[in-house]
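Beneath this line is the structure, given in structure tokens, with notes to follow.
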Amino acid sequence: MKLPPGPKTPSWLLNLQFEANPFGYMDNIYRRYGDIVTIMSDSTPVVYVSSSLGIKQIFSNTKEIAARGALNQDFALMTGQQGILQLDGLRHKHRRKLLMPAFHGARMQAYGRRICELTDKIMNQQAIAKSFVAYRTIEDITLRVAIEVVLGLEEGELYNKIKLLLVSIVRYPQSPLYEFLTKLPWGRRNLGRWSPRGYMLHLRQELFDLLDAEVKKRRQQADPSRTSILSDLIFARDETGAVMSDEEVRDLLLSPVFAAQDASATAIAWSLYWIHRLPEVREQLLRELDSLGESKDPMSIIELPYLNAVCNEALRIYPTQLFTFPRLVESPVEVMGYELSPGTVLIGNIYLTHQQENLYPEPKQFRPERFLKQQFSPYEFLPFGGGSRVCIGATFALFEMKLVLATILSRYQLTLVSKRPERPKYGNLICYPASGVKMVMHGRRQHQGQSQPFVVGSV
């Protein structure tokens, strides 16, 4: 069967080109080969698709194209062998159902108040007239939210230990030292704590030990009134009606923790960058926020149309993940006119889908109003992936994003340190702002009242 066209360059060289300039690399690939391209990985054809039609075909043909957990084994290093990413079929579907209530319904209002409180508390600690790295500050907020929502912990010794470990696990792979060492011939081997992989395994074991102990303790002191994902899983039954093992509960906790911490912090940091880089966006957003008055109810904030458009546009330009999780062709199937044979791997290129000019005119420009004028399908706008592998915390991530941004913008005066464009940097599926978005705190903002009515689409 004929595969879509693609470069003949060795995969190791393509990987180096991608790591050096991921967005330039993808833009060039698109210009040369279009919205479906084959990259050979050893002897396995990997087909990347950025057409919304092709992505719809991938997500819809679930009989011929499987979202196998085995394809996500690279993530098992930190999420365990029984995490939601590693599961298949009925087990995967059942575990997603167990996790869903935590991110929907009545709990969201209580979470909303806590997100606003934590945001105000941490932002209020910033020194006046001194620069700070927005990503690190926002990461502190989203990490605390993750620990409280997923694990149900209150501030204390265990809370702080887990927080420190999670920060180390996320930050170490972003460090220049890690990037340098992992490019060496032995860099990805476990050579003990002084090697990159060995150190990551050491951090993982410390985190696993703390979580194992907490799961056992909470099972022994079961309290049905506590609301957290951990409490839900302890009382939950698997698809056979049996109680899940401590190890399975631990592994299921990890993906929501990392997603709530890292992806959310990145999306909020990018939003702060765009909002403060474009004065007209900030002014329009402030008018909308001020229309709610001084006491802003979280559930009213999340309904604001322009705030929603700003968040969506930030997620469009630099999605929280650049690619969908891989799928495997298990029986012959047609995708975009190509007959693909079993063994072919399919990956949706989310970044390039969001750059399609027929969907998003002038795609490099930050224009929230496009989301006020048009509703996009889940195959055209998919910052959290899609199909059976869509991020389970997507609704919560957007909820948190809106509340953190609304709290910061309503209460604090910030400016960017530099007028130079922020450079994106790719790592661990996520696109980070390279400098972390450096900002200056100028103090608390005076509420402007309702002197001007807010009109959607006004500038």
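Labels for the structure tokens follow display order: chains A, B, ..., residues from 1 in each chain, ligands from 1.
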
>> I'd like the neighbourhood of region 386-400 of chain A as a PyMOL selection string, where a residue qualifies if any of its atoms comes within 8 Å (using only C-alpha atoms), though same-chain residues fewer than 5 positions away should be ignored.
In response: chain A and resi 59-60+67+85+96+99-100+103-104+112+115+256+259-260+264+302+311+324-325+378-379

>> From the options A:Val215, A:Gln86, A:Pro101, A:Leu328, which residue's atoms come nearest to Asp74 (chain A), counting only C-alpha atoms?
In response: A:Gln86

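The closest residue to Lys438 (chain A), picked from A:Thr344, A:Thr137, A:Ser195, A:Gln355 and counting only C-alpha atoms, is A:Thr137.
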
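Neighbours of Ser331 (chain A) closer than or equal to 12 Å, with only C-alpha atoms counted and sequence neighbours fewer than 5 positions away skipped, come out as Asn61, Thr62, Lys63, Glu64, Ile65, Ala66, Glu339, Leu340, Ser341, Pro342, Gly343, Thr344 and Val345 of chain A.
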
> Excluding same-chain residues fewer than 5 positions from Met441 (chain A), what lies within 8 Å of it counting only C-alpha atoms, as a count of residues only?
Replying inline: 11

List every residue of region 283-385 of chain A that has an atom at most 7 Å from any atom of region 45-55 of chain A, and for each one report the closest atom pair and its distance in Å to one decimal, counting only C-alpha atoms, with rows sorted by chain and then by increasing residue number, as a Markdown table.
```
| residue | atom | partner | partner_atom | distance |
| --- | --- | --- | --- | --- |
| A:Val335 | CA | A:Gly54 | CA | 6.1 |
| A:Met336 | CA | A:Gly54 | CA | 5.6 |
| A:Thr344 | CA | A:Pro45 | CA | 5.4 |
| A:Val345 | CA | A:Val46 | CA | 4.7 |
| A:Leu346 | CA | A:Val47 | CA | 4.9 |
| A:Ile347 | CA | A:Tyr48 | CA | 4.9 |
| A:Gly348 | CA | A:Val49 | CA | 4.8 |
| A:Asn349 | CA | A:Ser50 | CA | 5.0 |
| A:Ile350 | CA | A:Ser50 | CA | 6.6 |
| A:Leu352 | CA | A:Ser50 | CA | 5.5 |
| A:Thr353 | CA | A:Ser50 | CA | 4.6 |
| A:Tyr379 | CA | A:Ser52 | CA | 5.0 |
| A:Glu380 | CA | A:Ser52 | CA | 5.2 |
```

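CA of Val417 (chain A) sits 13.9 Å away from CA of Leu278 (chain A).
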